[in-house]
Amino acid sequence: MKMSIRAILTLVLAVAAYSQAAFAVVYPLPAKNGRLIGENITVVVPQDNKLPLEHFAAQYQMGLSNMLEANPGVDTYLPTSGTVLTIPHQLILPDTPHEGLVINSAEMRVYYYPKGTNTVVVLPIGIGELGKDTPLNWVTSVQRKKAGPTWTPTKKMHEEYAAQGQWLPATFPAGPDNPMGLYALYVGRLYAVHGTNANFGIGLRVSHGCVRLRDADIKWLYENVPVGTRVQFINEPVKTTVEPNGARYVEVHNPLSANQEEFDSQQPLPITLAGGNATLMADPSVNQQVLDKAIALRSGMPTQVN
């Protein structure tokens with residue numbers, strides 16, 4: 001009996017939910033140059049729920065921002081029992097080479113294309129705070145890997161913490177209390193893709209510029225991503241695609257604030273389609289009202305617009 005991709009993905013997600021264990025979400029690459037992958041699913045918050053939204057995000061390999069975009073109005077701290085949560089597992093692949101690691105800060109996800117597998121692994125990430133930004137347009141490589149990394153705060157970090165009445169040691173030794181977690185992939189000279197000692201922050205701007213993953217996810221990357229792997233950083237809040245059947249889709253995320261004024265504003269940041277996105281959405285078949293609604297909603301999920 002043949003199973004559809006949707007059925008297979010749903011089964012895997014159900015097993016993960018039952019075991020409450022993190023796992024790598026692996027998608028087959030679409031045929032004929034398509035870029036739409038996966039299927040969304042829904043889950044119901046159980047009765048007498050006492051768990052935060054982060055719990056459900058971690059179960060289904062989502063960042064907090066992904067869950068909030070797909071489920072506007074949901075209580076972050078204590079989702080109401082009986083609430084139907086959409087798990088946004090349908091995605092548009094970034095318009096980049098299908099090679100190595102692709103880190104899209106705007107959607108807070110990393111894509112890994114293992115060589116020779118015709119698959120892509122998608123994992124949620126946390127990124128740099130405002131003013132300590134994760135690179136947004138950079139191609140580099142994994143230069144080394146380390147199990148049990150240590151962390152040496154910079155002089156500026158010591159000053160920042162001291163101003164808040166907090167103290168940092170000269171060096172954090174390796175171990176579960178290290179803010180870098182238990183594994184690290186070093187990219188370029190100043191940045192790393194690493195774990196965390198916190199049970200939150202994935203899908204948020206929380207780091208000093210590095211890319212943060214949950215423990216099981218960084219362990220998986222450490223064990224599977226070779227040194228020398230290409231790494232591309234991008235910042236694409238809008239992704240579009242024309243599928244082989246002619247269907248046109250747009251996926252819209254909230255753009256990252258570029259300054260304090262934008263960060264403090266209660267108004268959504270403007271989105272302007274440009275380049276290839278503008279070209280794909282200018283086709284006469286596109287329903288402008290549907291496109292405008294997708295841009296306004298910013299659900300982080302693909303919407304067919306024709």
# chains A, B, ... in the order shown; residues from 1 in each chain; ligands from 1

$ closest_atom_pairs --of "region 82-128 of chain A" --to "region 238-249 of chain A" --cutoff "10 Å" --atoms "only C-alpha atoms" --output "Markdown table"
| residue | atom | partner | partner_atom | distance |
| --- | --- | --- | --- | --- |
| A:Leu91 | CA | A:Lys239 | CA | 9.2 |
| A:Ile92 | CA | A:Lys239 | CA | 6.5 |
| A:Leu93 | CA | A:Lys239 | CA | 7.8 |
| A:Pro94 | CA | A:Lys239 | CA | 6.6 |
| A:Asp95 | CA | A:Lys239 | CA | 7.6 |
| A:Ala106 | CA | A:Val238 | CA | 8.6 |
| A:Glu107 | CA | A:Val238 | CA | 9.0 |

$ residues_around --residues "region 187-202 of chain A" --least-positions-apart "2" --cutoff "7 Å" --atoms "only C-alpha atoms" --output "ChimeraX atom specification"
/A:54,63-64,124-126,140-143,176-185,204,206,210-215,218

$ select_by_dssp --residues "region 18-119 of chain A" --states "helix (DSSP H, G or I)" --output "list in words"
Tyr18, Ser19, Leu53, Glu54, His55, Phe56, Ala57, Ala58, Gln59, Leu64, Ser65, Asn66, Met67, Leu68, Glu69 and Ala70 of chain A

$ write_last_selection --atoms "N, CA and C atoms" --output "short mmCIF file (atom, residue, chain, number, x, y, z; two decimals), in the first residue's frame"
data_model
loop_
_atom_site.label_atom_id
_atom_site.label_comp_id
_atom_site.auth_asym_id
_atom_site.auth_seq_id
_atom_site.Cartn_x
_atom_site.Cartn_y
_atom_site.Cartn_z
N TYR A 18 3.76 11.81 20.60
CA TYR A 18 3.55 10.79 21.63
C TYR A 18 4.79 10.65 22.50
N SER A 19 5.96 10.65 21.86
CA SER A 19 7.19 10.42 22.60
C SER A 19 7.73 11.70 23.23
N LEU A 53 3.03 27.45 25.14
CA LEU A 53 3.08 27.22 23.70
C LEU A 53 4.43 26.64 23.28
N GLU A 54 5.49 26.99 23.98
CA GLU A 54 6.82 26.45 23.67
C GLU A 54 6.82 24.93 23.71
N HIS A 55 6.05 24.34 24.59
CA HIS A 55 5.98 22.87 24.67
C HIS A 55 5.49 22.28 23.35
N PHE A 56 4.43 22.89 22.80
CA PHE A 56 3.87 22.37 21.55
C PHE A 56 4.79 22.69 20.37
N ALA A 57 5.44 23.84 20.43
CA ALA A 57 6.40 24.19 19.38
C ALA A 57 7.53 23.16 19.33
N ALA A 58 8.06 22.80 20.49
CA ALA A 58 9.17 21.84 20.54
C ALA A 58 8.72 20.46 20.07
N GLN A 59 7.51 20.05 20.43
CA GLN A 59 7.02 18.73 20.02
C GLN A 59 7.01 18.59 18.51
N LEU A 64 8.95 29.42 18.28
CA LEU A 64 7.81 30.13 18.84
C LEU A 64 7.22 31.11 17.84
N SER A 65 8.06 31.77 17.06
CA SER A 65 7.55 32.73 16.07
C SER A 65 6.71 32.03 15.00
N ASN A 66 7.11 30.82 14.59
CA ASN A 66 6.33 30.07 13.61
C ASN A 66 4.94 29.77 14.12
N MET A 67 4.85 29.37 15.40
CA MET A 67 3.55 29.04 15.99
C MET A 67 2.68 30.29 16.17
N LEU A 68 3.29 31.40 16.53
CA LEU A 68 2.53 32.63 16.74
C LEU A 68 2.01 33.19 15.42
N GLU A 69 2.81 33.08 14.36
CA GLU A 69 2.34 33.55 13.06
C GLU A 69 1.17 32.72 12.56
N ALA A 70 1.27 31.41 12.74
CA ALA A 70 0.23 30.51 12.23
C ALA A 70 -1.01 30.49 13.11
#

$ residues_around --residues "region 164-174 of chain A" --least-positions-apart "3" --cutoff "6 Å" --atoms "only C-alpha atoms" --output "tab-separated table (two decimals) with N, CA and C atoms, in the first residue's frame"
chain	number	residue	atom	x	y	z
A	148	GLY	N	31.07	19.82	23.40
A	148	GLY	CA	31.47	20.42	24.66
A	148	GLY	C	32.18	21.75	24.47
A	149	PRO	N	31.58	22.70	23.75
A	149	PRO	CA	32.23	23.99	23.56
A	149	PRO	C	32.29	24.78	24.87
A	150	THR	N	33.29	25.64	25.00
A	150	THR	CA	33.33	26.60	26.08
A	150	THR	C	32.90	27.95	25.52
A	151	TRP	N	32.56	28.88	26.41
A	151	TRP	CA	32.15	30.21	25.96
A	151	TRP	C	32.91	31.27	26.75
A	152	THR	N	33.59	32.16	26.01
A	152	THR	CA	34.33	33.25	26.62
A	152	THR	C	33.65	34.56	26.28
A	161	TYR	N	26.45	43.14	31.10
A	161	TYR	CA	25.89	42.42	32.23
A	161	TYR	C	26.15	43.17	33.54
A	178	ASN	N	26.44	25.58	30.14
A	178	ASN	CA	27.06	26.50	29.19
A	178	ASN	C	26.00	27.08	28.26

$ closest_residue --among "A:Ala162, A:Ala31, A:Ile87, A:Ala258" --to "Val44 (chain A)" --atoms "only C-alpha atoms"
A:Ile87

$ select_by_dssp --residues "region 38-193 of chain A" --states "strand (DSSP E)" --output "NGL selection string"
:A and (41-44 or 84-87 or 91-92 or 100-104 or 109-113 or 119-124 or 127-128 or 138-147 or 183-187 or 191-193)

$ write_last_selection --atoms "N, CA and C atoms" --output "short mmCIF file (atom, residue, chain, number, x, y, z; two decimals), in the first residue's frame"
data_model
loop_
_atom_site.label_atom_id
_atom_site.label_comp_id
_atom_site.auth_asym_id
_atom_site.auth_seq_id
_atom_site.Cartn_x
_atom_site.Cartn_y
_atom_site.Cartn_z
N ILE A 41 -0.60 20.54 9.52
CA ILE A 41 -1.48 19.68 10.30
C ILE A 41 -2.08 20.51 11.44
N THR A 42 -3.08 19.97 12.09
CA THR A 42 -3.66 20.62 13.25
C THR A 42 -3.64 19.68 14.44
N VAL A 43 -3.49 20.25 15.62
CA VAL A 43 -3.54 19.49 16.86
C VAL A 43 -4.43 20.25 17.84
N VAL A 44 -5.00 19.54 18.78
CA VAL A 44 -5.89 20.15 19.77
C VAL A 44 -5.18 20.18 21.13
N VAL A 84 -7.52 24.69 18.78
CA VAL A 84 -6.95 23.98 17.63
C VAL A 84 -5.73 24.75 17.15
N LEU A 85 -4.57 24.14 17.22
CA LEU A 85 -3.33 24.76 16.78
C LEU A 85 -2.96 24.27 15.39
N THR A 86 -2.62 25.20 14.51
CA THR A 86 -2.08 24.83 13.20
C THR A 86 -0.57 24.70 13.32
N ILE A 87 -0.06 23.57 12.85
CA ILE A 87 1.39 23.33 12.83
C ILE A 87 1.86 23.60 11.39
N LEU A 91 5.95 24.51 3.56
CA LEU A 91 6.92 25.58 3.38
C LEU A 91 7.22 25.77 1.90
N ILE A 92 7.73 26.95 1.59
CA ILE A 92 8.36 27.20 0.30
C ILE A 92 9.87 27.22 0.53
N GLY A 100 24.21 22.46 1.27
CA GLY A 100 24.68 22.82 2.60
C GLY A 100 23.58 23.35 3.50
N LEU A 101 23.95 24.33 4.33
CA LEU A 101 23.03 24.96 5.27
C LEU A 101 22.57 26.30 4.73
N VAL A 102 21.27 26.55 4.76
CA VAL A 102 20.70 27.85 4.41
C VAL A 102 19.95 28.35 5.63
N ILE A 103 20.38 29.48 6.17
CA ILE A 103 19.81 30.03 7.39
C ILE A 103 19.02 31.28 7.03
N ASN A 104 17.69 31.18 7.15
CA ASN A 104 16.81 32.31 6.84
C ASN A 104 16.38 32.96 8.16
N ARG A 109 14.46 29.73 10.54
CA ARG A 109 14.63 28.31 10.22
C ARG A 109 15.97 28.11 9.54
N VAL A 110 16.53 26.92 9.72
CA VAL A 110 17.70 26.51 8.97
C VAL A 110 17.32 25.31 8.11
N TYR A 111 17.76 25.34 6.85
CA TYR A 111 17.53 24.26 5.90
C TYR A 111 18.88 23.57 5.66
N TYR A 112 18.88 22.26 5.75
CA TYR A 112 20.10 21.51 5.45
C TYR A 112 19.82 20.51 4.34
N TYR A 113 20.64 20.58 3.28
CA TYR A 113 20.51 19.71 2.12
C TYR A 113 21.65 18.68 2.16
N THR A 119 16.92 15.24 -0.33
CA THR A 119 16.05 15.63 0.78
C THR A 119 16.52 16.96 1.36
N VAL A 120 15.66 17.55 2.19
CA VAL A 120 16.03 18.74 2.95
C VAL A 120 15.55 18.56 4.38
N VAL A 121 16.39 18.92 5.32
CA VAL A 121 16.06 18.87 6.75
C VAL A 121 15.79 20.30 7.20
N VAL A 122 14.69 20.52 7.89
CA VAL A 122 14.30 21.86 8.32
C VAL A 122 14.19 21.91 9.84
N LEU A 123 14.90 22.86 10.45
CA LEU A 123 14.93 22.98 11.90
C LEU A 123 14.71 24.43 12.32
N PRO A 124 14.03 24.66 13.46
CA PRO A 124 13.82 26.02 13.95
C PRO A 124 15.05 26.55 14.68
N ILE A 127 17.85 33.59 16.89
CA ILE A 127 18.85 34.43 16.23
C ILE A 127 19.23 35.61 17.13
N GLY A 128 20.09 36.49 16.60
CA GLY A 128 20.63 37.59 17.37
C GLY A 128 19.61 38.66 17.73
N TRP A 138 25.25 36.50 3.65
CA TRP A 138 26.64 36.06 3.79
C TRP A 138 26.74 34.60 3.39
N VAL A 139 27.78 34.27 2.65
CA VAL A 139 28.08 32.87 2.31
C VAL A 139 29.43 32.52 2.92
N THR A 140 29.46 31.46 3.71
CA THR A 140 30.68 31.04 4.38
C THR A 140 30.68 29.51 4.44
N SER A 141 31.32 28.93 5.41
CA SER A 141 31.35 27.47 5.52
C SER A 141 31.54 27.06 6.97
N VAL A 142 31.25 25.79 7.26
CA VAL A 142 31.54 25.23 8.58
C VAL A 142 33.05 25.01 8.66
N GLN A 143 33.70 25.74 9.54
CA GLN A 143 35.16 25.68 9.60
C GLN A 143 35.67 24.68 10.63
N ARG A 144 34.87 24.44 11.66
CA ARG A 144 35.23 23.40 12.63
C ARG A 144 33.99 23.07 13.46
N LYS A 145 34.05 21.94 14.14
CA LYS A 145 32.97 21.51 15.02
C LYS A 145 33.56 21.16 16.38
N LYS A 146 32.71 21.29 17.40
CA LYS A 146 33.21 20.94 18.74
C LYS A 146 32.09 20.41 19.60
N ALA A 147 32.34 19.26 20.21
CA ALA A 147 31.46 18.75 21.26
C ALA A 147 31.97 19.30 22.58
N TYR A 183 27.00 21.32 21.86
CA TYR A 183 27.65 21.15 20.55
C TYR A 183 27.68 22.49 19.82
N ALA A 184 28.68 22.66 18.97
CA ALA A 184 28.78 23.90 18.19
C ALA A 184 29.41 23.62 16.83
N LEU A 185 28.88 24.30 15.81
CA LEU A 185 29.49 24.35 14.48
C LEU A 185 29.94 25.79 14.28
N TYR A 186 31.24 25.99 14.09
CA TYR A 186 31.77 27.34 13.95
C TYR A 186 31.81 27.73 12.47
N VAL A 187 31.19 28.86 12.16
CA VAL A 187 31.13 29.34 10.78
C VAL A 187 31.81 30.71 10.71
N TYR A 191 31.19 33.66 14.35
CA TYR A 191 29.85 33.15 14.59
C TYR A 191 29.85 31.63 14.73
N ALA A 192 28.79 31.14 15.39
CA ALA A 192 28.62 29.70 15.56
C ALA A 192 27.15 29.35 15.47
N VAL A 193 26.91 28.12 15.07
CA VAL A 193 25.59 27.49 15.17
C VAL A 193 25.71 26.54 16.34
#

$ atom_distance --atom1 "CA of Ser299 (chain A)" --atom2 "CA of Pro72 (chain A)"
8.1 Å

$ residues_around --residues "region 263-276 of chain A" --least-positions-apart "5" --cutoff "9 Å" --atoms "only C-alpha atoms" --output "PyMOL selection string"
chain A and resi 130+237-238+240+254-258+281+295-296

$ write_last_selection --atoms "N, CA and C atoms" --output "mmCIF file, in the first residue's frame"
data_model
loop_
_atom_site.group_PDB
_atom_site.id
_atom_site.type_symbol
_atom_site.label_atom_id
_atom_site.label_comp_id
_atom_site.auth_asym_id
_atom_site.auth_seq_id
_atom_site.Cartn_x
_atom_site.Cartn_y
_atom_site.Cartn_z
ATOM 1 N N LEU A 130 18.238 42.520 18.500
ATOM 2 C CA LEU A 130 18.398 43.777 17.779
ATOM 3 C C LEU A 130 19.701 44.440 18.226
ATOM 4 N N PRO A 237 11.771 37.531 4.314
ATOM 5 C CA PRO A 237 10.457 37.369 4.934
ATOM 6 C C PRO A 237 9.379 36.935 3.948
ATOM 7 N N VAL A 238 9.620 37.136 2.646
ATOM 8 C CA VAL A 238 8.650 36.735 1.619
ATOM 9 C C VAL A 238 9.308 35.732 0.689
ATOM 10 N N THR A 240 8.254 33.133 -2.706
ATOM 11 C CA THR A 240 7.237 32.847 -3.711
ATOM 12 C C THR A 240 7.696 31.691 -4.587
ATOM 13 N N ASN A 254 6.707 37.983 9.253
ATOM 14 C CA ASN A 254 6.970 39.331 9.737
ATOM 15 C C ASN A 254 8.440 39.682 9.524
ATOM 16 N N PRO A 255 8.738 40.810 8.870
ATOM 17 C CA PRO A 255 10.142 41.196 8.692
ATOM 18 C C PRO A 255 10.811 41.496 10.032
ATOM 19 N N LEU A 256 12.118 41.349 10.069
ATOM 20 C CA LEU A 256 12.879 41.672 11.268
ATOM 21 C C LEU A 256 12.997 43.190 11.411
ATOM 22 N N SER A 257 12.834 43.681 12.634
ATOM 23 C CA SER A 257 13.041 45.102 12.902
ATOM 24 C C SER A 257 14.510 45.444 12.670
ATOM 25 N N ALA A 258 14.751 46.564 11.994
ATOM 26 C CA ALA A 258 16.123 46.966 11.676
ATOM 27 C C ALA A 258 16.678 47.983 12.671
ATOM 28 N N MET A 281 4.555 37.523 -8.789
ATOM 29 C CA MET A 281 3.235 37.956 -8.337
ATOM 30 C C MET A 281 2.580 38.953 -9.290
ATOM 31 N N ILE A 295 -0.319 39.068 2.493
ATOM 32 C CA ILE A 295 0.697 40.003 2.991
ATOM 33 C C ILE A 295 0.246 40.613 4.319
ATOM 34 N N ALA A 296 -1.043 40.914 4.429
ATOM 35 C CA ALA A 296 -1.556 41.504 5.670
ATOM 36 C C ALA A 296 -1.543 40.498 6.825
#

$ atom_distance --atom1 "CA of Gly131 (chain A)" --atom2 "CA of Glu159 (chain A)"
15.5 Å

$ atom_distance --atom1 "CA of Asn235 (chain A)" --atom2 "CA of Pro135 (chain A)"
8.6 Å

$ closest_residue --among "A:Thr117, A:Glu223, A:His89, A:Leu291" --to "Pro28 (chain A)" --atoms "only C-alpha atoms"
A:Thr117

$ residues_around --residues "Thr303 (chain A)" --least-positions-apart "2" --cutoff "7 Å" --atoms "only C-alpha atoms" --output "list in words"
Tyr249, Val250, Glu251, Ala294, Met301 and Val305 of chain A
